[in-house]
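Structure below is data_25.txt: compact mmCIF, C-alpha atoms.
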```
# COMPACT_ATOMS: atom_id res chain seq x y z
CA MET V 4 0.00 0.00 0.00
CA ALA V 5 1.30 3.44 -0.85
CA VAL V 6 0.75 6.54 1.24
CA HIS V 7 0.82 10.06 -0.12
CA VAL V 8 2.14 13.04 1.78
CA LYS V 9 -1.42 14.42 1.75
CA GLN V 10 -2.67 11.51 3.88
CA LEU V 11 0.03 12.19 6.43
CA VAL V 12 -0.89 15.89 6.48
CA GLU V 13 -4.52 14.95 7.19
CA GLN V 14 -3.68 12.28 9.74
CA TYR V 15 -1.48 14.66 11.77
CA LYS V 16 -3.41 17.86 11.02
CA MET V 17 -0.30 19.58 9.74
CA THR V 18 -0.16 22.97 8.03
CA VAL V 19 1.21 23.13 4.50
CA LEU V 20 3.55 26.13 4.22
CA ALA V 21 4.91 25.52 0.71
CA GLY V 22 5.18 22.94 -2.04
CA GLU V 23 1.48 21.96 -2.27
CA GLU V 24 2.25 20.39 -5.66
CA GLY V 25 4.28 17.73 -3.88
CA LEU V 26 1.42 16.53 -1.66
CA SER V 27 0.83 13.72 -4.12
CA HIS V 28 4.39 12.43 -3.55
CA PRO V 29 4.32 8.84 -2.39
CA ILE V 30 5.96 7.90 0.90
CA GLU V 31 7.58 4.50 0.45
CA LEU V 32 9.51 4.12 3.69
CA ALA V 33 8.29 4.29 7.27
CA GLN V 34 11.71 5.49 8.44
CA ILE V 35 12.07 9.16 9.23
CA THR V 36 15.34 11.04 9.28
CA ARG V 37 16.56 14.21 10.98
CA PRO V 38 18.94 15.94 8.56
CA GLY V 39 21.30 17.42 11.17
CA LEU V 40 24.54 16.15 9.65
CA GLU V 41 23.40 17.30 6.23
CA LEU V 42 22.92 20.82 7.57
CA ALA V 43 26.48 20.49 8.86
CA GLY V 44 27.56 19.83 5.30
CA MET V 45 27.84 16.04 5.18
CA PHE V 46 25.65 14.74 2.38
CA GLU V 47 27.33 11.36 1.78
CA PHE V 48 24.56 9.53 3.61
CA TYR V 49 21.66 11.85 2.81
CA GLU V 50 18.54 9.67 3.00
CA ASN V 51 16.44 11.58 0.51
CA ASP V 52 13.89 8.77 0.18
CA ARG V 53 12.68 9.43 3.74
CA LEU V 54 10.64 12.11 5.45
CA GLN V 55 12.86 14.85 6.85
CA LEU V 56 11.97 15.90 10.38
CA ILE V 57 13.35 19.16 11.73
CA GLY V 58 13.14 20.13 15.40
CA SER V 59 14.79 22.66 17.71
CA LYS V 60 18.10 20.82 17.61
CA GLU V 61 18.47 21.15 13.83
CA MET V 62 17.13 24.70 13.87
CA THR V 63 19.51 25.89 16.57
CA PHE V 64 22.39 24.57 14.50
CA PHE V 65 20.93 26.08 11.33
CA TYR V 66 21.17 29.58 12.86
CA TRP V 67 24.85 29.02 13.62
CA LEU V 68 25.45 28.86 9.90
CA SER V 69 26.17 31.89 7.75
CA GLU V 70 23.38 32.93 5.44
CA HIS V 71 25.53 31.74 2.53
CA ASP V 72 25.88 28.20 3.98
CA GLN V 73 22.22 28.12 4.95
CA ASN V 74 21.30 28.74 1.33
CA ILE V 75 23.67 26.16 -0.10
CA ARG V 76 22.80 23.36 2.29
CA VAL V 77 19.05 23.84 2.26
CA ARG V 78 19.20 23.87 -1.52
CA MET V 79 21.14 20.60 -1.43
CA LEU V 80 18.48 19.11 0.86
CA PHE V 81 15.70 20.09 -1.52
CA GLU V 82 17.51 19.22 -4.75
CA LYS V 83 17.23 15.50 -4.03
CA ILE V 84 13.44 15.87 -3.69
CA PRO V 85 12.66 14.05 -0.43
CA PRO V 86 8.95 13.32 0.22
CA ALA V 87 8.54 16.30 2.59
CA PHE V 88 10.13 18.47 5.29
CA ILE V 89 8.30 18.56 8.61
CA PHE V 90 8.92 21.20 11.28
CA THR V 91 7.82 20.38 14.81
CA ARG V 92 6.03 22.39 17.48
CA ASN V 93 8.61 24.78 18.86
CA VAL V 94 10.39 25.87 15.73
CA GLU V 95 9.86 28.78 13.35
CA VAL V 96 10.19 27.78 9.71
CA PRO V 97 12.99 29.84 8.07
CA GLU V 98 12.17 31.69 4.88
CA VAL V 99 14.81 29.75 2.90
CA PHE V 100 12.87 26.48 3.38
CA ILE V 101 9.66 28.09 2.12
CA ARG V 102 11.51 29.48 -0.88
CA PHE V 103 13.07 26.15 -1.90
CA GLY V 104 9.87 24.27 -1.08
CA LYS V 105 8.12 26.38 -3.71
CA ALA V 106 10.98 26.10 -6.19
CA PHE V 107 11.39 22.32 -5.95
CA LYS V 108 7.71 21.56 -5.28
CA VAL V 109 8.56 19.69 -2.08
CA PRO V 110 6.01 20.10 0.72
CA VAL V 111 7.16 22.06 3.78
CA LEU V 112 4.91 21.12 6.68
CA LYS V 113 4.41 22.34 10.22
CA SER V 114 3.17 20.10 12.98
CA GLN V 115 1.89 21.04 16.42
CA MET V 116 3.52 17.97 17.97
CA LYS V 117 6.88 17.72 19.69
CA THR V 118 9.77 16.21 17.74
CA ASN V 119 10.08 12.91 19.61
CA GLU V 120 6.33 12.34 19.85
CA LEU V 121 5.88 13.00 16.15
CA PHE V 122 8.91 10.91 15.21
CA SER V 123 7.72 7.74 16.94
CA SER V 124 4.04 8.25 16.20
CA MET V 125 4.63 8.77 12.49
CA TYR V 126 6.96 5.78 12.34
CA ARG V 127 4.27 3.56 13.86
CA TYR V 128 1.56 4.95 11.64
CA LEU V 129 3.63 4.57 8.47
CA SER V 130 4.85 1.08 9.38
CA ALA V 131 1.23 0.01 9.81
CA VAL V 132 -0.05 1.44 6.54
CA LEU V 133 3.00 0.43 4.49
CA ALA V 134 3.21 -3.12 5.84
CA PRO V 135 2.27 -5.95 3.49
CA ARG V 136 -1.21 -7.23 4.19
CA GLN V 137 -2.83 -10.59 4.05
CA SER V 138 -6.55 -11.38 4.25
CA ILE V 139 -7.48 -14.34 6.37
CA HIS V 140 -10.80 -16.14 6.53
CA GLY V 141 -11.61 -16.00 10.21
CA THR V 142 -13.04 -13.92 13.01
CA LEU V 143 -11.00 -11.81 15.42
CA VAL V 144 -12.16 -11.12 18.97
CA ASP V 145 -10.48 -9.36 21.89
CA ILE V 146 -11.04 -11.58 24.92
CA ASN V 147 -9.92 -9.76 28.08
CA GLY V 148 -7.04 -8.23 26.20
CA VAL V 149 -6.04 -11.37 24.28
CA GLY V 150 -6.57 -11.08 20.52
CA VAL V 151 -7.98 -14.43 19.41
CA LEU V 152 -8.25 -15.36 15.75
CA ILE V 153 -11.03 -17.92 15.34
CA ARG V 154 -10.73 -20.03 12.18
CA GLY V 155 -12.64 -22.93 10.71
CA SER V 156 -14.51 -23.89 7.60
CA SER V 157 -17.59 -21.97 6.47
CA GLY V 158 -20.66 -22.68 8.53
CA ILE V 159 -18.83 -24.11 11.54
CA GLY V 160 -20.01 -21.22 13.68
CA LYS V 161 -17.20 -18.68 13.96
CA SER V 162 -19.57 -15.73 13.91
CA GLU V 163 -21.94 -17.36 16.42
CA VAL V 164 -19.02 -17.86 18.80
CA ALA V 165 -18.04 -14.22 18.31
CA LEU V 166 -21.62 -13.12 19.00
CA GLU V 167 -21.73 -14.99 22.29
CA LEU V 168 -18.29 -13.66 23.27
CA VAL V 169 -19.46 -10.11 22.57
CA ARG V 170 -22.58 -10.79 24.67
CA ARG V 171 -20.23 -11.73 27.50
CA GLY V 172 -18.53 -8.38 27.28
CA HIS V 173 -15.65 -9.10 24.93
CA GLN V 174 -14.94 -7.09 21.81
CA LEU V 175 -15.42 -7.88 18.14
CA VAL V 176 -12.59 -6.78 15.87
CA ALA V 177 -13.46 -8.45 12.56
CA ASP V 178 -15.94 -11.06 11.40
CA ASP V 179 -15.22 -13.51 8.60
CA ARG V 180 -12.43 -11.55 6.97
CA VAL V 181 -9.45 -10.33 8.95
CA ASP V 182 -6.84 -8.16 7.28
CA ILE V 183 -3.51 -8.83 8.90
CA TYR V 184 -0.22 -6.96 8.90
CA GLN V 185 2.96 -7.21 10.91
CA ARG V 186 3.54 -4.04 12.90
CA GLU V 187 7.02 -5.29 13.78
CA PRO V 188 8.49 -8.81 13.93
CA GLY V 189 6.56 -10.60 16.66
CA ILE V 190 3.57 -8.29 16.56
CA LEU V 191 0.78 -9.24 14.20
CA VAL V 192 -2.21 -6.93 14.04
CA GLY V 193 -5.63 -7.73 12.60
CA GLU V 194 -8.47 -5.45 11.59
CA ALA V 195 -11.69 -5.56 9.58
CA PRO V 196 -11.91 -4.24 6.03
CA GLU V 197 -13.59 -0.83 6.23
CA LEU V 198 -16.99 -1.95 4.94
CA LEU V 199 -17.30 -4.78 7.47
CA GLN V 200 -16.27 -2.86 10.59
CA LYS V 201 -18.67 -3.51 13.51
CA TYR V 202 -20.72 -6.05 11.52
CA LEU V 203 -21.35 -9.72 12.21
CA GLU V 204 -23.20 -12.12 9.97
CA ILE V 205 -25.34 -14.67 11.78
CA ARG V 206 -27.10 -17.33 9.72
CA GLY V 207 -30.83 -17.14 10.24
CA ILE V 208 -30.70 -13.56 11.55
CA GLY V 209 -28.62 -11.75 8.98
CA ILE V 210 -26.13 -8.94 9.34
CA VAL V 211 -26.05 -7.19 12.70
CA ASN V 212 -24.12 -4.18 13.97
CA VAL V 213 -22.59 -5.06 17.34
CA VAL V 214 -22.16 -1.43 18.39
CA LYS V 215 -25.87 -0.77 17.90
CA LEU V 216 -26.83 -4.01 19.63
CA PHE V 217 -24.39 -4.01 22.52
CA GLY V 218 -22.92 -0.52 22.72
CA ALA V 219 -19.62 1.12 21.88
CA SER V 220 -17.60 -1.21 24.10
CA ALA V 221 -18.49 -4.20 21.89
CA TYR V 222 -16.12 -3.21 19.11
CA LYS V 223 -12.41 -2.60 18.72
CA GLU V 224 -10.73 -1.15 15.60
CA ASN V 225 -7.71 -3.43 15.61
CA LYS V 226 -6.00 -5.91 17.85
CA ARG V 227 -2.74 -7.76 18.18
CA ILE V 228 -3.30 -11.45 17.40
CA MET V 229 -1.96 -13.56 20.24
CA LEU V 230 -3.72 -16.89 19.68
CA ALA V 231 -5.29 -18.75 16.78
CA VAL V 232 -8.15 -21.12 17.57
CA ASP V 233 -9.16 -23.62 14.90
CA LEU V 234 -12.69 -24.95 15.22
CA VAL V 235 -13.16 -28.43 13.73
CA SER V 236 -16.06 -30.83 13.84
CA PHE V 237 -15.44 -33.73 16.21
CA GLU V 238 -15.58 -36.52 13.60
CA GLU V 239 -13.07 -35.15 11.19
CA HIS V 240 -10.47 -34.72 13.89
CA SER V 241 -9.49 -37.33 16.41
CA ASP V 242 -5.91 -36.65 17.42
CA TYR V 243 -6.59 -33.45 19.36
CA ASP V 244 -4.53 -32.47 22.35
CA ARG V 245 -5.66 -34.03 25.62
CA LEU V 246 -3.02 -32.61 27.93
CA GLY V 247 -2.13 -29.20 26.58
CA LEU V 248 1.57 -29.93 27.01
CA GLU V 249 2.31 -29.62 23.35
CA GLU V 250 2.57 -26.07 22.13
CA LEU V 251 1.82 -25.65 18.46
CA SER V 252 2.32 -22.48 16.57
CA GLU V 253 1.95 -21.18 13.07
CA LYS V 254 4.02 -18.62 11.23
CA ILE V 255 2.23 -15.66 9.69
CA PHE V 256 4.68 -13.21 8.07
CA ASP V 257 7.66 -13.53 10.49
CA THR V 258 5.57 -13.98 13.61
CA GLU V 259 4.86 -17.25 15.39
CA ILE V 260 1.27 -17.39 16.66
CA PRO V 261 0.32 -20.11 19.16
CA CYS V 262 -2.49 -22.33 17.83
CA VAL V 263 -5.04 -24.57 19.48
CA THR V 264 -7.58 -26.84 17.82
CA ILE V 265 -10.98 -27.14 19.44
CA PRO V 266 -13.24 -29.98 18.32
CA ILE V 267 -16.93 -29.09 18.35
CA THR V 268 -19.88 -31.19 19.45
CA ALA V 269 -23.40 -30.25 20.47
CA ALA V 270 -22.49 -30.79 24.12
CA ARG V 271 -19.53 -28.41 24.14
CA SER V 272 -20.01 -24.70 24.71
CA VAL V 273 -17.60 -23.36 22.14
CA PRO V 274 -17.62 -19.73 23.34
CA SER V 275 -16.63 -20.91 26.82
CA LEU V 276 -13.88 -23.08 25.36
CA VAL V 277 -12.52 -20.22 23.30
CA GLU V 278 -12.66 -17.97 26.36
CA VAL V 279 -10.70 -20.51 28.42
CA ALA V 280 -8.19 -21.00 25.60
CA ALA V 281 -7.65 -17.23 25.62
CA MET V 282 -7.21 -17.11 29.39
CA ASN V 283 -4.83 -20.07 29.22
CA ALA V 284 -2.76 -18.21 26.63
CA ARG V 285 -2.77 -15.18 28.91
CA LEU V 286 -1.60 -17.28 31.88
CA LYS V 287 1.20 -18.73 29.77
CA PHE V 288 2.18 -15.24 28.77
CA LEU V 289 2.31 -14.31 32.47
CA GLY V 290 4.50 -17.34 33.13
CA THR V 291 2.03 -19.94 34.39
CA ASN V 292 1.56 -23.14 32.44
CA MET V 293 -1.27 -25.11 34.03
CA ALA V 294 -0.59 -28.27 32.03
CA SER V 295 3.12 -28.23 32.94
CA GLU V 296 2.27 -27.65 36.59
CA PHE V 297 0.03 -30.70 36.55
CA ASN V 298 2.68 -32.69 34.73
CA GLU V 299 5.29 -31.76 37.33
CA ALA V 300 2.90 -32.75 40.12
CA LEU V 301 2.33 -36.07 38.39
CA ASN V 302 6.06 -36.73 37.94
CA HIS V 303 6.63 -35.80 41.56
CA THR V 304 3.93 -38.24 42.73
CA ILE V 305 5.33 -41.06 40.60
CA GLN V 306 8.85 -40.47 41.84
CA SER V 307 7.88 -40.30 45.49
CA LYS V 308 5.92 -43.54 45.13
CA ASN V 309 8.94 -45.21 43.54
CA LYS V 310 11.09 -44.21 46.49
CA LYS V 311 8.77 -45.88 49.02
CA MET Z 24 -8.42 -25.95 -10.43
CA THR Z 25 -10.95 -24.89 -13.06
CA LYS Z 26 -11.30 -21.14 -13.41
CA ARG Z 27 -13.79 -18.90 -15.19
CA LEU Z 28 -13.73 -15.13 -15.68
CA PHE Z 29 -16.82 -12.98 -15.11
CA LYS Z 30 -17.49 -9.32 -15.83
CA VAL Z 31 -20.10 -7.41 -13.85
CA ILE Z 32 -22.68 -5.52 -15.96
CA ASP Z 33 -25.15 -4.57 -13.23
CA GLU Z 34 -25.05 -0.85 -12.39
CA ALA Z 35 -25.22 -1.67 -8.69
CA GLY Z 36 -22.30 -4.06 -8.98
CA LEU Z 37 -22.31 -7.37 -7.17
CA HIS Z 38 -24.78 -6.13 -4.55
CA ALA Z 39 -25.99 -7.78 -1.36
CA ARG Z 40 -28.80 -10.01 -2.62
CA PRO Z 41 -27.10 -11.70 -5.57
CA ALA Z 42 -23.90 -11.87 -3.52
CA SER Z 43 -25.73 -13.78 -0.80
CA LEU Z 44 -27.32 -16.14 -3.33
CA LEU Z 45 -23.95 -16.76 -4.97
CA VAL Z 46 -22.41 -17.59 -1.59
CA GLN Z 47 -25.37 -19.82 -0.77
CA LYS Z 48 -24.94 -21.72 -4.01
CA ALA Z 49 -21.17 -22.01 -3.47
CA SER Z 50 -21.75 -23.26 0.07
CA SER Z 51 -23.95 -26.08 -1.21
CA PHE Z 52 -20.80 -27.73 -2.62
CA THR Z 53 -18.09 -29.32 -0.54
CA GLU Z 54 -15.28 -28.00 -2.77
CA ASP Z 55 -13.14 -25.09 -1.58
CA ILE Z 56 -14.48 -22.55 -4.07
CA ARG Z 57 -12.36 -19.42 -4.41
CA ILE Z 58 -12.84 -15.99 -5.87
CA PHE Z 59 -9.89 -14.20 -7.47
CA TYR Z 60 -10.17 -10.45 -7.41
CA LYS Z 61 -7.50 -7.76 -7.80
CA ASP Z 62 -4.58 -10.20 -7.46
CA LYS Z 63 -5.97 -11.65 -4.26
CA THR Z 64 -7.93 -14.77 -3.53
CA PHE Z 65 -10.75 -15.27 -1.06
CA THR Z 66 -13.26 -17.94 -0.13
CA LEU Z 67 -16.56 -17.74 -2.01
CA LYS Z 68 -18.39 -19.30 0.90
CA SER Z 69 -18.57 -16.20 3.06
CA ILE Z 70 -21.08 -13.47 2.39
CA MET Z 71 -19.10 -10.96 4.45
CA VAL Z 72 -15.89 -11.69 2.60
CA LEU Z 73 -17.59 -11.35 -0.78
CA MET Z 74 -19.30 -8.09 0.13
CA SER Z 75 -16.11 -6.66 1.63
CA LEU Z 76 -14.60 -6.76 -1.86
CA GLY Z 77 -17.14 -4.18 -3.04
CA ILE Z 78 -17.13 -5.49 -6.61
CA GLY Z 79 -18.59 -2.78 -8.85
CA GLN Z 80 -19.93 -2.49 -12.38
CA HIS Z 81 -17.39 -3.35 -15.14
CA ALA Z 82 -15.17 -5.11 -12.60
CA GLU Z 83 -13.82 -8.53 -13.49
CA PHE Z 84 -13.35 -11.46 -11.17
CA GLU Z 85 -12.56 -15.13 -11.52
CA ILE Z 86 -14.06 -18.08 -9.72
CA GLY Z 87 -11.93 -21.16 -9.24
CA VAL Z 88 -13.07 -24.65 -8.28
CA PRO Z 89 -10.70 -27.50 -7.43
CA GLY Z 90 -11.42 -31.11 -8.37
CA ASP Z 91 -13.09 -32.90 -11.27
CA ASN Z 92 -16.50 -31.32 -10.85
CA GLY Z 93 -15.25 -27.81 -11.68
CA GLU Z 94 -17.14 -27.15 -14.90
CA ALA Z 95 -20.52 -28.27 -13.52
CA ILE Z 96 -20.12 -26.16 -10.37
CA LEU Z 97 -19.02 -23.14 -12.39
CA ASP Z 98 -22.13 -23.58 -14.56
CA ALA Z 99 -24.32 -23.58 -11.47
CA LEU Z 100 -22.64 -20.45 -10.12
CA GLU Z 101 -22.81 -18.74 -13.50
CA GLU Z 102 -26.55 -19.44 -13.62
CA VAL Z 103 -27.03 -17.53 -10.35
CA LEU Z 104 -25.14 -14.56 -11.79
CA ILE Z 105 -27.13 -14.64 -15.04
CA THR Z 106 -30.50 -15.01 -13.31
CA HIS Z 107 -29.80 -11.89 -11.27
CA LYS Z 108 -28.43 -9.99 -14.30
CA ILE Z 109 -25.01 -9.53 -12.73
CA ILE Z 110 -23.33 -10.79 -15.90
CA ASP Z 111 -24.38 -11.12 -19.55
CA ALA Z 112 -26.12 -14.33 -20.50
```
Please, can you express the file's structure as structure tokens?
Amino acid sequence: MAVHVKQLVEQYKMTVLAGEEGLSHPIELAQITRPGLELAGMFEFYENDRLQLIGSKEMTFFYWLSEHDQNIRVRMLFEKIPPAFIFTRNVEVPEVFIRFGKAFKVPVLKSQMKTNELFSSMYRYLSAVLAPRQSIHGTLVDINGVGVLIRGSSGIGKSEVALELVRRGHQLVADDRVDIYQREPGILVGEAPELLQKYLEIRGIGIVNVVKLFGASAYKENKRIMLAVDLVSFEEHSDYDRLGLEELSEKIFDTEIPCVTIPITAARSVPSLVEVAAMNARLKFLGTNMASEFNEALNHTIQSKNKK
Amino acid sequence: MTKRLFKVIDEAGLHARPASLLVQKASSFTEDIRIFYKDKTFTLKSIMVLMSLGIGQHAEFEIGVPGDNGEAILDALEEVLITHKIIDA
């Protein structure tokens, strides 16, 4: 996915001071650079494919320069046509930047945020929108803070499970189609495609809006996926885990996601099972493995009996 | 996998009702029927997935069916699209 400078301007409510023509420039990298060394005259490593962020540090140095050097170096910055120059909250934008912004049609922007805040926030925002995406057939629910991706063949009841989980106070993220991207290695985030946000499809009832039915707390825009639960019908699957000692995982992009398979029968309350699977994943994350604890207790009992 | 290309003629695109009937028809088969749209592939057995694609007038998409029964299933799916004037007969 490509982002244009214009989208960034809107997202961060920045003011465009010059170079409006360049608002259609694409931003291809999430990395942002602060061109301090370039202002000092070193252009060997000038990263002109990145956004250029200028804060008080760069500006203080800029005013140490003679007007002659200011002109030369700012021109050199603009000549390579970076996507945009962004000035942060506490700095005045010098006239020379406006002048070259107009001349080279490179946007000169002013933000109301502080340099460090804007730097990390923009990096996160750009990494998210620029990350490769993958659509997965499944339903994503936030269960007490654990993002659970529920998968299974059509008609097995993913949406019905999600509906019951939402009724119990959990949050729907996406039903049936989850768009997934990797925010950073190890962090996989899922969200609904725009049109489907807040909607669930329940066979026999139709399409329902969970926010209208259950209130604003029933829905979450996106969520980190921490567990995948595969629903299978009991017959087709017979070698399911009885102990929970084995830990299976699946790789999506570069991130390993723990997986559990839950066989379904009429007698099993699937929403409760999914809820417990989520809480079990949370306990493991906090360092408690219930199955291992039991296993240790069992080994201990066997050993102490052997000693007698 | 047997594939067939379709082009939407309906002004309203592949709207909710025909989309739901197409999914219903696809779901009546055990095969993993896929839709190929804009370089991506999705299941054809989910109404939400199909509608999320927002397939409009003049758009083209392919349906793919694995196995030996491909042609017959594609005929059945095509009939749904023709009946609801989504594609040309």
Can you check which residues of chain Z have any atom within 10 Å of chain V? Use all atoms listed in the file and format it as a PDB file with C-alpha atoms, keeping the file's coordinate frame.
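Writing done, so here's out24.pdb:
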```pdb
ATOM      1  CA  SER Z  50     -21.750 -23.260   0.070  1.00  0.00           C
ATOM      2  CA  ASP Z  55     -13.140 -25.090  -1.580  1.00  0.00           C
ATOM      3  CA  LYS Z  63      -5.970 -11.650  -4.260  1.00  0.00           C
ATOM      4  CA  THR Z  64      -7.930 -14.770  -3.530  1.00  0.00           C
ATOM      5  CA  PHE Z  65     -10.750 -15.270  -1.060  1.00  0.00           C
ATOM      6  CA  THR Z  66     -13.260 -17.940  -0.130  1.00  0.00           C
ATOM      7  CA  LEU Z  67     -16.560 -17.740  -2.010  1.00  0.00           C
ATOM      8  CA  LYS Z  68     -18.390 -19.300   0.900  1.00  0.00           C
ATOM      9  CA  SER Z  69     -18.570 -16.200   3.060  1.00  0.00           C
ATOM     10  CA  ILE Z  70     -21.080 -13.470   2.390  1.00  0.00           C
ATOM     11  CA  MET Z  71     -19.100 -10.960   4.450  1.00  0.00           C
ATOM     12  CA  VAL Z  72     -15.890 -11.690   2.600  1.00  0.00           C
ATOM     13  CA  LEU Z  73     -17.590 -11.350  -0.780  1.00  0.00           C
ATOM     14  CA  MET Z  74     -19.300  -8.090   0.130  1.00  0.00           C
ATOM     15  CA  SER Z  75     -16.110  -6.660   1.630  1.00  0.00           C
ATOM     16  CA  LEU Z  76     -14.600  -6.760  -1.860  1.00  0.00           C
ATOM     17  CA  GLY Z  77     -17.140  -4.180  -3.040  1.00  0.00           C
TER      18      GLY Z  77
END
```
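Pairwise distance (atom CA of V:Asn119, atom CA of V:Ala134) equals 22.2 Å.
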**Message:** Just want the 9 Å neighbourhood of Z:Ala82, counted on all atoms listed in the file, with same-chain residues fewer than 5 positions away dropped. Output as a VMD selection string.
**Reply:** chain Z and resid 29 to 32 36 60
**Length of the atom CA of V:Leu289 to atom CA of V:Val277 vector [Å]** = 18.4 Å
**Message:** Between Z:Ile96, Z:Ile86, Z:Leu37, Z:Ala112, which residue has the minimum interatomic distance to Z:Phe52, considering only C-alpha atoms?
**Reply:**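 Of Z:Ile96, Z:Ile86, Z:Leu37, Z:Ala112, the one nearest Z:Phe52, counting only C-alpha atoms, is Z:Ile96.
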**Item:** Spatial neighbours of Z:Leu45, 8 Å, only C-alpha atoms, chain gap at least 3 places, as an NGL selection string
**Value:** :Z and (41-42 or 48-49 or 100 or 103-104)
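Atom pair atom CA of V:Ser162 / atom CA of V:Ile205 has a distance of 6.2 Å (rounded to one decimal).
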**Message:** Nearest residue to Z:Ala35 out of Z:Ile78, Z:Leu97, Z:Ile56, Z:Val88, using all atoms listed in the file?
**Reply:**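 Residue with the minimum atom-to-atom distance to Z:Ala35: Z:Ile78.
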**Radius query 12 Å about (10.5, 8.9, 5.9), atoms used: only C-alpha atoms, as a count of residues only** = 38
**Message:** Here is a test: counting only C-alpha atoms, which residue of V:Glu187, V:Asp233, V:Glu296, V:Glu82 is nearest to V:Asp257?
**Reply:**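 Among V:Glu187, V:Asp233, V:Glu296, V:Glu82, it is V:Glu187 that comes nearest to V:Asp257.
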**Request:** For V:Ser220, work out the shell of residues within 10 Å, counting all atoms listed in the file and skipping chain neighbours fewer than 6 positions away, then give it as a list in words.
**Result:**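 Contacts, with the query itself left out: Val169, Gly172, His173, Gln174, Leu175, Val213 and Val214 of chain V.
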Please, could you write that set of residues out with C-alpha atoms as a JSON list (two decimals), in the frame of the given file?
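Saved as part-v2.json:
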```json
[["chain", "number", "residue", "atom", "x", "y", "z"],
["V", 169, "VAL", "CA", -19.46, -10.11, 22.57],
["V", 172, "GLY", "CA", -18.53, -8.38, 27.28],
["V", 173, "HIS", "CA", -15.65, -9.10, 24.93],
["V", 174, "GLN", "CA", -14.94, -7.09, 21.81],
["V", 175, "LEU", "CA", -15.42, -7.88, 18.14],
["V", 213, "VAL", "CA", -22.59, -5.06, 17.34],
["V", 214, "VAL", "CA", -22.16, -1.43, 18.39]]
```
**Asked** Which one of Z:Val46, Z:Thr53, Z:Arg27, Z:Ala39 sits closest to Z:Gly90 if you count only C-alpha atoms?
**Response**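 So, comparing all the options, the nearest one is Z:Thr53.
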Can I get stretch 83-87 of chain V with all heavy atoms filled in, as a PDB file, in the coordinates of the input?
```
ATOM      1  N   LYS V  83      17.409  16.953  -3.915  1.00  0.00           N
ATOM      2  CA  LYS V  83      17.230  15.500  -4.030  1.00  0.00           C
ATOM      3  C   LYS V  83      15.769  15.083  -3.889  1.00  0.00           C
ATOM      4  O   LYS V  83      15.461  13.891  -3.872  1.00  0.00           O
ATOM      5  CB  LYS V  83      18.092  14.777  -2.994  1.00  0.00           C
ATOM      6  CG  LYS V  83      19.585  14.854  -3.273  1.00  0.00           C
ATOM      7  CD  LYS V  83      20.017  13.771  -4.259  1.00  0.00           C
ATOM      8  CE  LYS V  83      21.460  13.892  -4.682  1.00  0.00           C
ATOM      9  NZ  LYS V  83      22.404  13.625  -3.620  1.00  0.00           N
ATOM     10  N   ILE V  84      14.889  16.082  -3.753  1.00  0.00           N
ATOM     11  CA  ILE V  84      13.440  15.870  -3.690  1.00  0.00           C
ATOM     12  C   ILE V  84      13.026  14.756  -2.693  1.00  0.00           C
ATOM     13  O   ILE V  84      12.507  13.699  -3.102  1.00  0.00           O
ATOM     14  CB  ILE V  84      12.828  15.563  -5.091  1.00  0.00           C
ATOM     15  CG1 ILE V  84      13.431  16.450  -6.176  1.00  0.00           C
ATOM     16  CG2 ILE V  84      11.309  15.672  -5.080  1.00  0.00           C
ATOM     17  CD1 ILE V  84      13.000  17.898  -6.175  1.00  0.00           C
ATOM     18  N   PRO V  85      13.215  14.988  -1.408  1.00  0.00           N
ATOM     19  CA  PRO V  85      12.660  14.050  -0.430  1.00  0.00           C
ATOM     20  C   PRO V  85      11.131  14.190  -0.385  1.00  0.00           C
ATOM     21  O   PRO V  85      10.599  15.155  -0.942  1.00  0.00           O
ATOM     22  CB  PRO V  85      13.296  14.483   0.891  1.00  0.00           C
ATOM     23  CG  PRO V  85      13.587  15.926   0.706  1.00  0.00           C
ATOM     24  CD  PRO V  85      13.871  16.137  -0.754  1.00  0.00           C
ATOM     25  N   PRO V  86      10.414  13.250   0.238  1.00  0.00           N
ATOM     26  CA  PRO V  86       8.950  13.320   0.220  1.00  0.00           C
ATOM     27  C   PRO V  86       8.410  14.610   0.843  1.00  0.00           C
ATOM     28  O   PRO V  86       7.483  15.210   0.314  1.00  0.00           O
ATOM     29  CB  PRO V  86       8.512  12.112   1.064  1.00  0.00           C
ATOM     30  CG  PRO V  86       9.694  11.197   1.090  1.00  0.00           C
ATOM     31  CD  PRO V  86      10.909  12.028   0.924  1.00  0.00           C
ATOM     32  N   ALA V  87       9.009  15.065   1.954  1.00  0.00           N
ATOM     33  CA  ALA V  87       8.540  16.300   2.590  1.00  0.00           C
ATOM     34  C   ALA V  87       9.490  16.697   3.726  1.00  0.00           C
ATOM     35  O   ALA V  87      10.237  15.869   4.234  1.00  0.00           O
ATOM     36  CB  ALA V  87       7.139  16.126   3.149  1.00  0.00           C
TER      37      ALA V  87
END
```
